[in-house]
Amino acid sequence: MLKSTLDEIVIVGGGTAGWLTAAILAKKLNAGKPGSVQITVIESPDIAILGVGEGTWPTMRTTLQTVGVDEGEFMRECDATFKQGAEFVNWQHTPVPGEKHSYFHPLSAVFHSSYDFNLAPYWLQGASDLPYDLAVASQSRICQLGLAPKKITTAAYSALQNYAYHFNALKFAAFMKKHCTEKLSVRFISGNVQQVSLHPCGAIASVSTDSAGEIKADFFVDCTGSKALLLGEALGVPWHGINDIIFNDTALAMQVPYPAPDWPIATHTIATAHEAGWTWDIGLHNRRGVGYVYSSSHSTDERAEQILRQHIGVQSEGLEARKIKLNLGYRQQFWRKNCVAIGMSAAFIEPLEASAIFLIEAAANMLADQFPRSSASLEFVEKKFNDTFKLRWDKSIDFIKLHYCISQRRDTEYWVDNCTDSSIPQSLQQRLAHWRLHPPGKYDFDYAFEPFVLDSYLFVLYGMKFNTDISHNLSSYSDIQSAHQLFAEIDRTTAILQQQLPTHRELLDKVYQYGMPKL
Amino acid sequence: MTQRIALDSQQHQHYKLQEDKLFSHTKLAHILPLEVNEFAAAAAYFPIVFVKDSNTGQFRACVMTGIKPGQNLYWHQAGWQAGYTPQALRNYPLLAVQPDTTSGDYVIVVDTQSSLFNPQSGHSLFAAGQATEYLQQRAGAAIAQAKSVLLTQQFIQLLLELELLVARTLTLTPQGAEAYDLTGLYLIDEQRLAELTDQQWLSLRQNNSLLAVHAVLMSMNQVSALIQRSVL
Amino acid sequence: MQTEAIRSVLVVGGGTAGWLTAANLAQSFNSAEPGAIQVTLIESPDIATIGVGEGTWPTMRATLQKLGIKEEDFLRSCNATFKQGTKFVDWQHSDLPASYHHLFTSVSDPTQFNLAPYWLQGRAGQHKSYASAVSAQGVIAELGLAPKKITNKAYEGVLNYAYHLDAGKFADLLKNHAQQKLGVHFISANVLDVSLAIDGSIAAVITDSAGRQQADFYVDCTGFQSLLLGKAMGVGFRPVSDTLLTDHAVTIQVPYPTPDSPINACTHSTAQAAGWIWDIGLTNRRGVGYVYSSNYVSHEQAEQCLRRYIGPAADTLEARKLAMQVGYREKFWHKNCVAIGLSAAFVEPLEASAIFLIEAAANMLADQLPALKENLPLAESKFNKSFLFRWQRTIDFIKLHYALSGRTEPFWQAARAKQLIPQSLQDVLQSWQTQPVSPYDFAHVYEPFPMESYQYVLYGMGFKQQLADLQRYQQGGKAALYFQRVQQLTHQLQQELPAQRELLAKIYRYGFSAL
């Protein structure tokens, strides 16, 4: 039987998911204050934490600010850099050897939102000479030039161009752990969970650890990674695989030092398509993180390592590659009774578009905002949480799949399979059919917690040269004058920003030295 | 552009230092640095504001000497036009820096671009490989300034913690001229000050900062004086 | 497989629904330009249009602006006035007078910073009502003041506002504007028959004086008759009379005693034994009506009740009775036809949802009408999903007003019987006993009634909420500042804002400045 009020929360598992969840819960619920909840994190001293992705979303700024982290200190401690989007190289068609093509998915289309005035139909009519990414967003150009998203005088967490971070996930977990235990009254237990005990009603009663005995709580958060000790093993919630849609089930990662200490740092993730997957290239302050995510049914591990080393070039010599198996899919329920799974215990797609950490934040925020102090509300919140995250994961899967299924590449079975209708979710197929004749619009995104919004879809669709034929309905897009004005305004902004913004490394060096002004 | 190097008894044994009571190097400066121990004295003559250092992003305290960039209304060929001269002006072109904050030792650096520093005329700096009494006295003043820079930083830190600084755009309307906005200035928010909890008030008092806070608030009266001066 | 393009739209039926839809479509397609999609409207010269409600939502401002209608022209030609919300009188108890406001302006957007937990803890003052704690608009509306000044731009307010309007005149304004400025073709004729194609889609409508009219797409705005979607295509109607009990209305138009009588700045809705009375102030008259359930009161009694409410002024005035079909079509869009207005759905006018949902449907149709016929099925399924959701949520919200009432008459006891409350509403109500109302309860972009509307009604009706976790609300200082600002604004706006009639008189004379 559960108590009538839920006062003790135990988070099993540290890592990015565990500590980020702990921080958000502790801050929003005022943990440690009299009458408030008590939050405990149990972390194994033995299990190495798997750093899920090193890229975040801009939401991370609000999250860190909310939990009271100093931005300059965070960046310094986590080797963090500014991320302004992603560049997709060689995704659109099979590259001619020695050549490359690419497009950007920047984080902001600054001075306009497609929800107010959609430039896409005007761009499709040829109202701008530039490719879509450069026509509608200054940030694509800023990324090309390797400039920072802000100045040293810009206040912490404020931006001239929207930004997220690249960081060292291991250091981030350690940093959040320190912040949680020192500033947010989170209790920490080092131990291995050996057994999970249930109440007769099926809710979790306690977990037994090797070092601290039995630990009871009213509510449990499962951050144990793909093992899902609580929700999966103890409560038996099954896993829903998505290998029929997303094929990249293996990753090979490498840490590549910069050739010189003043080497330029990319301010965006570079995602390069290959014969059986894609490589990520993420610039941290002290090194690059490079890796190849691929389909093990379309490539051997040896061939994959060969691709990765070729991609990195001579610098890969002497470096070791680490292999990671990825479990693609999600739990059929994320929340059952008094237990919720957050992180890889809940779901994982693949690192494209950095959805992993973003969805951890979203889940932790919802858990904190909706936390049922009264156990009478548990059932209602459970249903709401499960409904919304099922939708968010399905929508994320659609968006990831979009990158593959509109490609013209057919150089390997991998790309042929990716573009086969049977591998494309029905919801995405329907929308693509619609978009063949109508530019995407706000009615295609009618959920308040849509993980990927209209702008993101437009960048990928038209970056990939997706063809939307609007000749049937040209008269509906006759405000050419406003479109020209907007395009011109974006060009002007790009020119001004080019003059004002420091290079990415220049700003980082200053931030590491001086920190960032509070306002 | 300033270019600073450390004073060296060998390298600079023949160099001299002139004094410029007009402070000509500030002729085109509309803001000049000020340290917290000077606030009370300066408040009677200049508005005291906070601006971000464009190089480090960190806040500095400053006096406003003009209402637009390139204008110093206190500079005059007949002499400095205020009853107070900020110490940074008096110490120029010397500056004391602490290369290693743990040892506490100061090194005196000089702006080599300044014509006040030259081999021809002025007070000698070194004699027989030793600092002259003149240099010792000037160096002492520069070190005193460097120490007050630390105090100023602590004071600003406290203002930030108490969320007392706010960005303000000063809309200036000189007589007979178009109004325009001066941006990038930060002031102490009087309303926030009034809303401080007792505990926060106490922290201001314990840090000996109340006088400085009030000096900044009082100095706002000098904005109109500054505008007046601009039309004379 | 059809691969034909959709080049023409035929709107059958005028009225608010028909003309608002035709105007919106023509504006979106630029129908006045050569080569654009053509919009035609057929209206019967004989059928009088039913004025569906005379209150709008604030969305109407954007709609009129989009159509290129000047606000002053609209106000003048429709006897329109500014509406700042609804005052609900006597909804809580049968014997204890009480009222509350559902307003359009709040000092803080509750999805960003929710003041309710602080108000519940008495931080706004011990006896302050929720509405007066979070908004100055209640006091302003009570004083009959306008939401703006003559110096404000057209369509911009100091406070958020909607309109009260004469629906017949509004349809006339749109009819002129749509033909003259937007390129809508108008045919005056009676529809005799609708002919279907072999696949069940509409092939043509047969008229008495304009022959056979064909189009690629049809909009059914024929009111309760639903000639196209209902009669011809056989799409069923799903009544919701078990959830919403009212089925009739009796209305009277009441002239003002003197030309300068003050005009109410919000809708008044006063609970009665078997329903409720609306009272709406236009410039030249009031529109008053009793919405009731004929199972609990006779038509005669209802009319007497309405006359008592109006007082002696009603003695010489004529009353008009209307039967209402409460419910919605099983589908709103079927093949090449969509129903908008009464032909699609109707619920009692308690929250002025009728015109608001016409606007929403017309906007979505304008944006989503596919270029090719072969793409109709996707648009159809999206539209139906969206509007089924919107109507169900509208029904929930209206039911909320009844579910929380403590009135004792048989009608009211029946109206709040638990088994008649939709499950979705029961669930949230149970949750809100201990949890705050939250943005997570409103997860769709096209939620017809936002979180703040629910809060006005919940707390106005005296809903008992005992938050389970009070420790998390540590931003009392910030909340206090908001509450203070409301008091300041309330005081300041009382001095600044003109009376509703005074402002309207000025607008009639000078119009608004464009900037």
# chains A, B, ... in the order shown; residues from 1 in each chain; ligands from 1
$ select_by_dssp --residues "chain B" --states "helix (DSSP H, G or I)" --output "ChimeraX atom specification"
/B:24-26,36-42,87-91,133-161,190-194,198-206,210-219,222-231
$ residues_around --residues "region 387-403 of chain A" --least-positions-apart "4" --cutoff "9 Å" --atoms "only C-alpha atoms" --output "count of residues only"
40
$ interface_residues --of "chain A" --to "chain B" --cutoff "9 Å" --atoms "only C-alpha atoms" --output "ChimeraX atom specification"
/A:151-155,510-511,513-519
$ interface_residues --of "chain C" --to "chain B" --cutoff "12 Å" --atoms "only C-alpha atoms" --output "number ranges by chain"
C: 477-478, 480-481
$ residues_around --residues "Gln426 (chain C)" --least-positions-apart "2" --cutoff "12 Å" --atoms "only C-alpha atoms" --output "JSON, numbers by chain"
{"A": [380], "C": [396, 397, 399, 400, 403, 404, 416, 417, 418, 419, 420, 421, 422, 423, 424, 428, 429, 430, 431, 432, 433]}
